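Engineer: To be precise about what I am sending: the file is called upload19.txt and holds compact mmCIF, C-alpha atoms.
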# COMPACT_ATOMS: atom_id res chain seq x y z
CA MET W 106 89.81 93.60 117.34
CA PHE W 107 92.05 96.64 117.91
CA ARG W 108 95.12 94.60 117.05
CA THR W 109 93.44 93.34 113.90
CA ALA W 110 92.50 96.88 112.93
CA PHE W 111 96.05 98.00 113.59
CA ALA W 112 97.52 95.17 111.50
CA GLY W 113 95.02 95.88 108.74
CA ILE W 114 95.84 99.58 108.64
CA LEU W 115 99.55 98.75 108.71
CA SER W 116 99.03 96.47 105.68
CA VAL W 117 97.24 99.19 103.77
CA VAL W 118 99.96 101.73 104.61
CA LEU W 119 102.62 99.26 103.50
CA ALA W 120 100.88 98.72 100.16
CA TRP W 121 100.40 102.46 99.77
CA ALA W 122 104.11 103.08 100.41
CA ALA W 123 105.13 100.39 97.91
CA ALA W 124 102.79 101.82 95.29
CA ALA W 125 103.99 105.38 95.94
CA TRP W 126 107.61 104.29 95.48
CA LEU W 127 106.80 102.32 92.34
CA THR W 128 104.85 105.15 90.72
CA HIS W 129 106.96 108.14 91.81
CA ASP W 130 104.15 109.37 94.05
CA PHE W 131 101.43 108.21 91.68
CA ARG W 132 102.69 110.30 88.77
CA VAL W 133 103.67 107.41 86.47
CA PHE W 134 102.54 103.82 86.22
CA THR W 135 104.80 102.51 83.47
CA ALA W 136 108.55 102.03 83.23
CA GLU W 137 108.56 104.39 80.24
CA GLY W 138 106.83 107.11 82.26
CA ALA W 139 109.34 106.62 85.06
CA ARG W 140 112.21 106.87 82.58
CA ARG W 141 110.96 110.19 81.25
CA LEU W 142 110.38 111.58 84.72
CA GLU W 143 113.77 110.44 85.98
CA VAL W 144 115.63 111.85 82.98
CA ARG W 145 113.80 115.13 83.43
CA ASP W 146 114.77 115.28 87.10
CA ALA W 147 118.36 114.12 86.62
CA PRO W 148 120.00 114.42 83.17
CA VAL W 149 121.97 111.37 82.05
CA ALA W 150 125.56 111.68 80.84
CA THR W 151 126.13 110.03 77.46
CA PRO W 152 128.49 107.08 77.82
CA SER W 153 131.73 107.55 75.90
CA ILE W 154 131.38 104.48 73.74
CA GLU W 155 132.68 104.46 70.18
CA VAL W 156 130.28 104.83 67.31
CA VAL W 157 130.73 104.73 63.53
CA GLY W 158 128.55 105.74 60.66
CA PRO W 159 128.53 107.31 57.21
CA GLY W 160 130.77 110.37 57.48
CA VAL W 161 131.54 109.59 61.11
CA GLU W 162 134.98 108.11 61.74
CA ALA W 163 135.12 106.08 64.95
CA ALA W 164 134.30 108.67 67.60
CA ALA W 165 132.97 108.66 71.12
CA LEU W 166 129.23 109.21 71.12
CA SER W 167 129.64 111.78 73.87
CA SER W 168 132.07 113.84 71.79
CA LEU W 169 129.78 113.53 68.78
CA LEU W 170 126.93 115.04 70.77
CA ARG W 171 129.03 117.66 72.52
CA ALA W 172 128.68 120.87 70.54
CA SER W 173 130.85 123.97 70.77
CA ASP W 174 128.15 125.97 69.00
CA GLY W 175 125.63 125.06 71.71
CA ALA W 176 123.60 122.79 69.45
CA ALA W 177 121.06 120.47 70.98
CA THR W 178 120.55 117.08 69.35
CA ILE W 179 117.42 115.01 68.99
CA VAL W 180 118.41 111.36 69.11
CA ASP W 181 116.36 108.32 68.19
CA PHE W 182 117.14 104.62 68.31
CA VAL W 183 116.26 102.57 65.24
CA TYR W 184 117.17 99.55 63.15
CA THR W 185 117.06 99.96 59.41
CA ARG W 186 114.96 96.86 58.65
CA CYS W 187 112.19 98.21 60.84
CA VAL W 188 108.84 98.71 59.16
CA SER W 189 106.67 99.76 62.10
CA VAL W 190 107.55 102.30 64.71
CA CYS W 191 110.96 103.34 63.35
CA ALA W 192 109.28 104.00 60.03
CA ALA W 193 107.17 106.54 61.90
CA LEU W 194 110.32 107.84 63.55
CA GLY W 195 111.97 108.10 60.14
CA SER W 196 109.20 110.21 58.68
CA GLY W 197 109.08 112.25 61.89
CA PHE W 198 112.79 112.93 61.56
CA GLN W 199 112.26 113.90 57.92
CA GLN W 200 109.74 116.50 59.04
CA LEU W 201 112.10 117.72 61.73
CA GLN W 202 114.92 117.98 59.20
CA ALA W 203 112.74 120.03 56.86
CA ARG W 204 111.80 122.42 59.63
CA ILE W 205 115.35 122.72 60.93
CA ALA W 206 116.56 123.47 57.39
CA ALA W 207 113.81 126.06 56.88
CA ASP W 208 114.73 127.90 60.08
CA ASP W 209 118.44 127.75 59.46
CA ALA W 210 119.09 131.48 59.64
CA PRO W 211 122.53 132.61 60.85
CA GLY W 212 122.46 132.92 64.61
CA ALA W 213 119.43 130.68 65.03
CA PRO W 214 119.83 128.14 67.84
CA PRO W 215 121.20 125.03 66.09
CA VAL W 216 119.44 121.70 66.42
CA ARG W 217 120.80 118.47 64.94
CA LEU W 218 119.44 114.98 64.50
CA LEU W 219 121.11 111.67 65.21
CA SER W 220 119.75 108.19 64.53
CA VAL W 221 121.49 105.39 66.42
CA SER W 222 121.05 101.81 65.24
CA PHE W 223 120.83 99.18 67.95
CA ASP W 224 121.35 96.41 65.40
CA PRO W 225 125.08 96.77 64.62
CA ALA W 226 125.29 93.20 63.31
CA ARG W 227 123.15 94.09 60.30
CA ASP W 228 123.39 97.87 60.21
CA ASP W 229 127.00 98.43 59.17
CA VAL W 230 128.20 101.73 57.74
CA ALA W 231 127.10 100.79 54.22
CA ALA W 232 123.61 99.84 55.37
CA LEU W 233 123.31 103.08 57.31
CA ALA W 234 124.45 105.08 54.28
CA ARG W 235 121.79 103.38 52.16
CA TYR W 236 119.18 104.07 54.81
CA ALA W 237 120.21 107.73 55.00
CA ARG W 238 119.90 108.05 51.23
CA GLU W 239 116.42 106.51 51.29
CA LEU W 240 115.35 109.04 53.89
CA ARG W 241 117.09 111.87 51.97
CA ALA W 242 118.99 112.83 55.09
CA ASP W 243 121.09 115.99 54.94
CA PRO W 244 124.40 115.02 56.60
CA HIS W 245 124.82 118.52 58.01
CA ILE W 246 121.64 118.09 60.04
CA TRP W 247 120.95 114.37 60.35
CA ARG W 248 123.58 111.74 60.94
CA PHE W 249 123.45 107.98 61.42
CA VAL W 250 125.68 105.88 63.64
CA THR W 251 125.89 102.52 65.33
CA VAL W 252 128.21 101.15 67.97
CA ARG W 253 131.62 100.03 66.74
CA ASP W 254 131.98 97.29 69.33
CA THR W 255 128.80 95.23 69.77
CA ALA W 256 129.79 94.55 73.38
CA GLU W 257 129.31 98.23 74.18
CA LEU W 258 125.75 98.31 72.91
CA ASP W 259 124.25 97.19 76.20
CA GLU W 260 126.03 99.97 78.05
CA LEU W 261 124.52 102.55 75.73
CA LEU W 262 121.02 101.07 75.86
CA ARG W 263 121.20 100.81 79.65
CA ALA W 264 122.37 104.41 80.03
CA PHE W 265 119.54 105.76 77.88
CA ARG W 266 117.10 103.11 79.16
CA VAL W 267 116.30 101.86 75.68
CA VAL W 268 114.63 98.46 75.91
CA VAL W 269 114.80 96.29 72.79
CA ILE W 270 112.90 93.00 72.63
CA PRO W 271 112.25 90.57 69.76
CA ASP W 272 108.90 91.24 68.11
CA GLY W 273 108.34 87.59 67.18
CA PHE W 274 108.79 88.30 63.45
CA ALA W 275 112.60 88.43 63.34
CA GLY W 276 112.46 92.16 64.08
CA TYR W 277 112.46 94.21 67.26
CA GLU W 278 110.03 96.03 69.45
CA HIS W 279 111.52 99.00 71.30
CA ASN W 280 110.46 101.98 73.36
CA ALA W 281 110.83 104.45 70.53
CA ALA W 282 111.09 108.06 71.64
CA LEU W 283 112.72 111.39 70.87
CA LEU W 284 115.72 111.86 73.15
CA VAL W 285 116.97 115.42 73.44
CA THR W 286 120.61 115.90 74.43
CA ASP W 287 122.18 119.24 75.28
CA ALA W 288 125.50 120.72 74.15
CA ASN W 289 127.25 118.93 77.02
CA ALA W 290 126.06 115.57 75.63
CA ARG W 291 123.68 114.99 78.50
CA LEU W 292 120.28 113.39 77.87
CA VAL W 293 117.95 115.98 79.34
CA ARG W 294 114.46 115.12 78.13
CA VAL W 295 112.56 112.26 76.50
CA PHE W 296 109.54 112.97 74.32
CA ASP W 297 107.03 110.65 72.78
CA TYR W 298 107.79 110.00 69.13
CA ASP W 299 104.70 111.87 67.99
CA GLU W 300 105.61 114.97 70.03
CA LEU W 301 107.72 116.43 67.23
CA ASP W 302 106.73 120.06 67.91
CA GLU W 303 107.41 119.80 71.61
CA ALA W 304 110.77 118.09 71.09
CA LEU W 305 111.93 120.60 68.48
CA HIS W 306 110.77 123.57 70.53
CA PHE W 307 112.52 122.20 73.61
CA ALA W 308 115.73 121.51 71.67
CA ARG W 309 115.72 125.04 70.24
CA THR W 310 115.20 126.57 73.67
CA LEU W 311 117.98 124.40 75.04
CA ALA W 312 120.36 125.49 72.27
CA ALA W 313 119.39 129.14 72.68
CA VAL W 314 120.13 128.97 76.40
CA SER W 315 123.51 127.31 75.95
CA MET W 316 124.48 129.84 73.22
CA GLN W 317 124.20 132.66 75.70
CA MET D 195 107.47 63.76 107.66
CA THR D 196 103.89 64.79 108.20
CA LEU D 197 101.60 66.00 105.45
CA ARG D 198 101.99 69.59 106.61
CA GLN D 199 105.76 69.38 106.58
CA GLY D 200 105.54 67.85 103.13
CA ARG D 201 103.45 70.78 101.95
CA PHE D 202 105.93 73.21 103.49
CA VAL D 203 108.77 71.57 101.58
CA ALA D 204 106.71 71.58 98.38
CA GLY D 205 106.04 75.30 98.90
CA ALA D 206 109.74 76.00 99.38
CA VAL D 207 110.64 74.05 96.24
CA LEU D 208 107.93 75.79 94.22
CA ALA D 209 109.00 79.23 95.46
CA VAL D 210 112.63 78.66 94.52
CA ALA D 211 111.69 77.11 91.16
CA CYS D 212 109.56 80.13 90.23
CA VAL D 213 112.41 82.62 90.59
CA ALA D 214 115.42 80.49 89.62
CA TRP D 215 116.84 79.30 86.33
CA PRO D 216 115.41 77.90 84.11
CA LEU D 217 111.76 78.35 85.06
CA ARG D 218 111.99 82.07 85.84
CA GLY D 219 113.00 82.91 82.28
CA LEU D 220 110.15 80.87 80.84
CA LEU D 221 107.57 82.28 83.23
CA GLU D 222 108.67 85.86 82.69
CA ALA D 223 109.07 85.54 78.92
CA GLY D 224 105.47 86.61 78.37
CA MET D 225 103.36 89.16 80.16
CA ALA D 226 100.45 86.75 80.60
CA THR D 227 102.66 83.98 81.98
CA HIS D 228 104.39 86.48 84.27
CA MET D 229 101.18 87.87 85.75
CA LEU D 230 98.84 84.91 85.47
CA ILE D 231 101.11 81.93 86.05
CA GLN D 232 104.17 83.07 88.00
CA PHE D 233 102.23 85.38 90.35
CA PRO D 234 99.65 82.70 91.29
CA LEU D 235 102.36 80.02 91.61
CA LEU D 236 104.26 82.22 94.06
CA MET D 237 101.03 82.77 96.01
CA ILE D 238 100.36 79.02 96.07
CA ALA D 239 103.93 78.49 97.27
CA GLY D 240 103.33 81.04 100.03
CA ALA D 241 100.13 79.26 101.04
CA LEU D 242 101.97 75.93 101.20
CA LEU D 243 104.75 77.49 103.27
CA TRP D 244 102.13 78.64 105.76
CA GLU D 245 100.68 75.11 106.20
CA PRO D 246 102.58 74.20 109.41
CA PHE D 247 101.20 77.33 111.07
CA ALA D 248 97.71 77.20 109.59
CA ASP D 249 95.75 75.51 112.34
CA GLY D 250 96.76 77.56 115.35
CA ALA D 251 94.24 79.44 117.39
CA GLU D 252 92.83 82.52 115.73
CA SER D 253 95.34 85.28 116.21
CA ARG D 254 94.19 88.47 117.88
CA TRP D 255 96.09 90.24 115.13
CA ASN D 256 93.97 88.67 112.42
CA ARG D 257 90.39 88.33 113.67
CA LEU D 258 88.10 87.10 110.91
CA GLY D 259 91.11 87.23 108.62
CA ILE D 260 90.58 90.95 108.19
CA ALA D 261 94.22 92.01 108.50
CA GLY D 262 95.43 89.22 106.23
CA LEU D 263 92.91 89.97 103.52
CA ALA D 264 93.67 93.70 103.75
CA PHE D 265 97.34 92.85 103.24
CA ALA D 266 96.53 90.58 100.29
CA ALA D 267 94.28 93.20 98.66
CA GLY D 268 96.98 95.86 98.99
CA MET D 269 99.72 93.64 97.59
CA LEU D 270 97.56 92.49 94.67
CA ALA D 271 96.85 96.12 93.83
CA VAL D 272 100.58 96.90 93.78
CA ALA D 273 101.23 93.78 91.70
CA MET D 274 99.09 95.18 88.88
CA ILE D 275 101.19 98.31 88.35
CA PRO D 276 102.82 97.80 84.93
CA ARG D 277 106.13 99.28 86.06
CA LEU D 278 106.52 96.42 88.54
CA LEU D 279 106.67 93.89 85.69
CA ASP D 280 109.36 95.87 83.87
CA LEU D 281 111.44 96.47 86.98
CA ALA D 282 111.20 92.84 88.04
CA LEU D 283 112.75 91.84 84.72
CA VAL D 284 115.83 94.02 85.12
CA ASP D 285 116.28 94.73 88.84
CA ALA D 286 117.06 91.78 91.12
CA ARG D 287 116.03 93.75 94.22
CA VAL D 288 112.59 94.43 92.81
CA GLU D 289 112.31 90.80 91.70
CA ALA D 290 113.14 89.70 95.25
CA ALA D 291 110.68 92.15 96.80
CA LYS D 292 107.98 91.08 94.34
CA SER D 293 108.52 87.39 95.09
CA ILE D 294 108.50 87.88 98.87
CA ALA D 295 105.38 90.04 98.68
CA LEU D 296 103.54 87.42 96.61
CA LEU D 297 104.65 84.59 98.92
CA ALA D 298 103.41 86.65 101.86
CA THR D 299 100.16 87.31 100.02
CA GLY D 300 99.63 83.59 99.51
CA ALA D 301 100.40 82.91 103.17
CA ALA D 302 98.06 85.71 104.26
CA LEU D 303 95.25 84.28 102.13
CA ARG D 304 95.85 80.79 103.54
CA ALA D 305 95.83 82.14 107.08
CA SER D 306 92.79 84.34 106.61
CA TRP D 307 90.42 82.95 104.01
CA SER D 308 88.75 80.23 106.05
CA ARG D 309 88.53 82.49 109.11
CA ALA D 310 86.81 85.18 107.13
CA GLY D 311 83.07 84.77 106.86
CA LEU D 312 81.13 85.32 103.70
CA VAL D 313 80.79 89.01 104.49
CA VAL D 314 84.53 89.61 104.87
CA GLN D 315 85.31 87.40 101.87
CA GLY D 316 82.74 89.27 99.83
CA PHE D 317 84.21 92.61 100.84
CA PHE D 318 87.70 91.44 99.89
CA LEU D 319 86.61 90.09 96.52
CA GLY D 320 84.38 93.12 95.97
CA ASN D 321 87.53 95.19 96.05
CA VAL D 322 90.03 92.93 94.35
CA LEU D 323 87.96 91.52 91.50
CA PRO D 324 86.61 94.80 90.07
CA MET D 325 90.13 96.21 90.33
CA THR D 326 91.45 93.19 88.42
CA ALA D 327 88.77 93.58 85.76
CA VAL D 328 89.46 97.31 85.36
CA VAL D 329 93.21 96.77 85.09
CA GLY D 330 92.60 93.92 82.66
CA THR D 331 90.40 96.14 80.51
CA LEU D 332 93.07 98.85 80.51
CA TYR D 333 95.75 96.35 79.48
CA ARG D 334 93.54 94.92 76.78
CA ASP D 335 92.47 98.27 75.31
CA ALA D 336 95.59 100.40 75.71
CA PRO D 337 96.87 101.41 72.25
CA VAL D 338 100.45 101.68 73.50
CA ARG D 339 102.69 99.27 75.29
CA LEU D 340 102.54 99.70 79.05
CA CYS D 341 105.57 97.49 79.63
CA ASN D 342 108.79 98.09 77.74
CA GLY D 343 109.64 94.45 78.23
CA TYR D 344 106.51 93.02 76.60
CA ARG D 345 104.84 93.24 73.21
CA LEU D 346 101.42 94.77 72.64
CA ASP D 347 99.79 91.44 71.74
CA GLU D 348 101.06 89.94 75.01
CA GLN D 349 99.58 92.89 76.87
CA GLU D 350 96.21 92.35 75.20
CA LEU D 351 96.28 88.67 76.07
CA ALA D 352 97.20 89.40 79.69
CA GLY D 353 94.39 91.96 79.90
CA THR D 354 91.81 89.60 78.45
CA LEU D 355 92.88 86.82 80.81
CA LEU D 356 92.76 89.19 83.82
CA VAL D 357 89.16 90.10 82.97
CA ALA D 358 88.30 86.41 82.51
CA LEU D 359 89.98 85.59 85.84
CA ALA D 360 88.00 88.27 87.65
CA ILE D 361 84.70 87.10 86.19
CA GLY D 362 85.52 83.43 86.78
CA ALA D 363 86.57 84.02 90.39
CA ALA D 364 83.42 86.04 91.06
CA ILE D 365 81.18 83.30 89.68
CA ALA D 366 83.10 80.58 91.53
CA TRP D 367 82.81 82.43 94.82
CA LEU D 368 79.12 83.19 94.38
CA VAL D 369 78.40 79.53 93.64
CA ASP D 370 80.49 78.48 96.63
CA ALA D 371 78.75 81.01 98.88
CA GLY D 372 75.34 79.80 97.71
CA VAL D 373 76.25 76.18 98.42
CA ARG D 374 77.56 77.08 101.88
CA MET D 375 74.44 79.00 102.82
CA HIS D 376 72.23 76.22 101.52
CA ARG D 377 74.14 73.62 103.53
CA ALA D 378 74.04 75.75 106.64
CA GLU D 379 70.30 76.04 106.32
CA ILE D 380 69.91 72.28 105.89
CA ALA D 381 72.15 71.70 108.89
CA LEU D 382 69.99 73.99 110.99
CA ARG D 383 66.79 72.24 109.90
CA SER D 384 68.10 68.74 110.44
CA ALA D 385 69.13 69.74 113.95
CA CYS D 386 65.37 69.82 114.58
CA PRO D 387 63.93 66.55 113.23
CA PRO D 388 60.32 66.81 112.03
CA ALA D 389 59.07 64.42 114.73
CA SER D 390 60.10 66.84 117.44
CA ARG D 391 58.58 69.71 115.57
CA PRO D 392 55.08 70.24 116.85
CA ALA D 393 52.74 72.79 115.42
CA ARG D 394 53.42 75.22 118.22
CA HIS D 395 56.50 77.30 118.06
CA ASP D 396 59.28 76.19 120.29
CA ALA D 397 62.90 77.13 120.61
CA CYS D 398 63.94 74.70 117.95
CA ASP D 399 61.67 76.06 115.27
CA PRO D 400 60.83 79.67 115.69
CA PRO D 401 58.50 81.24 113.15
CA ARG D 402 60.31 81.61 109.87
CA GLU D 403 60.42 85.37 109.93
CA GLU D 404 61.93 85.33 113.41
CA ARG D 405 64.50 82.69 112.76
CA PRO D 406 67.98 84.15 113.05
CA TRP D 407 70.20 83.74 110.04
CA PRO D 408 72.49 80.76 110.53
CA GLU D 409 75.54 82.07 112.30
CA ASP D 410 77.68 79.60 110.43
CA ALA D 411 76.84 81.02 107.05
CA SER D 412 77.10 84.70 107.83
CA THR D 413 80.31 84.93 109.79
CA THR D 414 82.44 81.93 109.09
CA THR D 415 82.74 79.17 106.58
CA LEU D 416 84.75 76.85 108.79
CA PRO D 417 84.28 74.51 110.51
CA ARG D 418 81.54 73.10 108.40
CA PRO D 419 79.24 70.41 109.77
Spell out the structure here as structure tokens.

Structural biologist:
Amino acid sequence: MFRTAFAGILSVVLAWAAAAWLTHDFRVFTAEGARRLEVRDAPVATPSIEVVGPGVEAAALSSLLRASDGAATIVDFVYTRCVSVCAALGSGFQQLQARIAADDAPGAPPVRLLSVSFDPARDDVAALARYARELRADPHIWRFVTVRDTAELDELLRAFRVVVIPDGFAGYEHNAALLVTDANARLVRVFDYDELDEALHFARTLAAVSMQ
Amino acid sequence: MTLRQGRFVAGAVLAVACVAWPLRGLLEAGMATHMLIQFPLLMIAGALLWEPFADGAESRWNRLGIAGLAFAAGMLAVAMIPRLLDLALVDARVEAAKSIALLATGAALRASWSRAGLVVQGFFLGNVLPMTAVVGTLYRDAPVRLCNGYRLDEQELAGTLLVALAIGAAIAWLVDAGVRMHRAEIALRSACPPASRPARHDACDPPREERPWPEDASTTTLPRP
């Protein structure tokens, strides 16, 4: 019976260890939670893939996000035909834009917005420009891009751990979030898409720190 | 080839089929098929793979199947963590670990279930089934997607089916346990035919309140008369 007890306890310890590894010591239970925790612990360098968009000549995404004035950027991933969660992201970004514009005093820590389309086949530069007009985006604050070479899309999505799946209605389901990048173009924090205040506050603090 | 060897081969084929093209993609395309078809198929494959070793003497490492059922309960708990489903889709190492763990779980159940009596089985199911129902309820009712790789409607379906599975398994086991206890009682009675049962109490028919509970029903379900 002692051997059975030993084997039983060993089994439980094994399961415990597997669960602890899978959940980052029982702090997260979903892949999205793990993504946010891992980004927080270890910032992710933006891959230097080429993006294009209205007002953005083919440029590396990393150089687009790198800011000499110390600006932090809040990035989201969208597709312009989206009517569900990116619509919420769109209106969230509109609110953020309004608040950034209102606080735009000289010397204030700069925060910018960037929407990246993961549907480059449909969202060409013209489509993005139309989308930006619909959302009344101010190009000084809020820009729109997509990858120039579709083959590079996967690299970008993998780096930022954006998972896009078909939603069964010819659209996409994706883990929409607010991704905050610092002036060195590193992804440093991921917020839920309804945490607008937290994301903006964090981005401001980040920009203020890198201005010093 | 004996029947047992045949089952072993069938288990090996099933295990490979579950994780190889083209079946893997189909099974893992939906959350419900991933959790409620691929997981059980891998466990069945593991049970079949264990067939050639199933009838050995009871191991001192697995008396009453306790160690095996503890292993199975632990692995099934880990298998219900949503992150596992997402990682298994994108990380081949996690997919391999998941598959091996589920095969081992099936083998452990095969090796342990019949050795475990109703009490040990009941303890195992008393842990695993409520856990399954709770996880299923969470999946069904969560307003957000718990898996980046699966849609919300798939999650709700998987949750509903997990709850149904837990309830169905509980009912099935209770019915089975009732039948076993009933049979054991009949077996005990028929061991003492009425003709040899005089009015006085003898060893074969102690007073009802003193009669020990049939050993067969309380500690083991095999071998059955």

Engineer: Output as a compact mmCIF listing (two decimals) with C-alpha atoms, in the frame of the given file the set of chain D residues within 7 Å of chain W, with distances taken over only C-alpha atoms.

Structural biologist:
# COMPACT_ATOMS: atom_id res chain seq x y z
CA ARG D 254 94.19 88.47 117.88
CA TRP D 255 96.09 90.24 115.13
CA ASN D 256 93.97 88.67 112.42
CA ARG D 257 90.39 88.33 113.67
CA ILE D 260 90.58 90.95 108.19
CA ALA D 261 94.22 92.01 108.50
CA ALA D 264 93.67 93.70 103.75
CA PHE D 265 97.34 92.85 103.24
CA GLY D 268 96.98 95.86 98.99
CA MET D 269 99.72 93.64 97.59
CA VAL D 272 100.58 96.90 93.78
CA ILE D 275 101.19 98.31 88.35
CA PRO D 276 102.82 97.80 84.93
CA ARG D 277 106.13 99.28 86.06
CA ASP D 280 109.36 95.87 83.87
CA LEU D 340 102.54 99.70 79.05
CA CYS D 341 105.57 97.49 79.63
CA ASN D 342 108.79 98.09 77.74
CA GLY D 343 109.64 94.45 78.23
CA ARG D 345 104.84 93.24 73.21

Engineer: For the atom pair atom CA of D:Gly224 and atom CA of D:Ala327, what is the interatomic distance in Å to one decimal place?

Structural biologist: 19.5 Å

Engineer: Nearest to W:Ser222 among W:Ile246, W:Cys191, W:Leu311, W:Ala264, with distances taken over only C-alpha atoms: which residue is it?

Structural biologist: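 Ranking W:Ile246, W:Cys191, W:Leu311, W:Ala264 by distance to W:Ser222, first place goes to W:Cys191.
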
Engineer: Using all atoms listed in the file, pick whichever of W:Leu305, W:Ala150, W:Ala312, W:Leu233 has the shortest atom-to-atom distance to W:Arg204.

Structural biologist: W:Leu305

Engineer: From the options D:Ala271, D:Ala282, D:Leu296, D:Met325, which residue's atoms come nearest to D:Ala241, counting only C-alpha atoms?

Structural biologist: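 Counting only C-alpha atoms, the residue closest to D:Ala241 is D:Leu296.
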
Engineer: Using all atoms listed in the file, which residue out of W:Arg171, W:Thr151, W:Val180, W:Thr310 lies closest to W:Val295?

Structural biologist: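 Distance minimum relative to W:Val295 lands on W:Val180.
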
Engineer: Kindly compute an axis-aligned box around the listed atoms of stretch 316-319 of chain D, allowing 8 Å on each side, and express its centre and edge lengths in Å to one decimal as lines of an AutoDock Vina configuration file.

Structural biologist:
center_x = 85.2
center_y = 90.9
center_z = 98.7
size_x = 21.0
size_y = 19.3
size_z = 20.3

Engineer: With all atoms listed in the file as the basis for distance, which of D:Tyr344, D:Phe317, D:Phe247, D:Tyr333 is at the shortest distance from D:Val357?

Structural biologist: D:Tyr333

Engineer: Would you compute the distance between atom CA of D:Trp215 and atom CA of D:Pro234? Give it in Å to one decimal.

Structural biologist: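 Computing the Euclidean distance for atom CA of D:Trp215 and atom CA of D:Pro234 yields 18.2 Å.
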
Engineer: How far is it from atom CA of D:Lys292 to atom CA of W:Trp126, in Å with one decimal?

Structural biologist: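 Atom CA of W:Trp126 lies 13.3 Å from atom CA of D:Lys292.
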
Engineer: Which polymer residues have any atom within 7 Å of an atom of stretch 230-233 of chain D, counting only C-alpha atoms, with same-chain residues fewer than 4 positions away left out, as a PyMOL selection string?

Structural biologist: chain D and resi 212+221+226+237+296

Engineer: Please list as a list in words every residue within 10 Å of D:Leu356, counting only C-alpha atoms and excluding residues in the same chain fewer than 5 positions away.

Structural biologist: Ala226, Met229, Leu230, Leu323, Met325, Thr326, Ala327, Val328, Val329, Gly330, Thr331, Tyr333, Arg334, Glu350, Leu351, Ile361 and Gly362 of chain D

Engineer: Quick one: residues within 8 Å of D:Ala298, all atoms listed in the file, excluding same-chain residues fewer than 3 positions away - as an MDAnalysis selection string?

Structural biologist: chainID D and resid 237 240 294:295 301:302
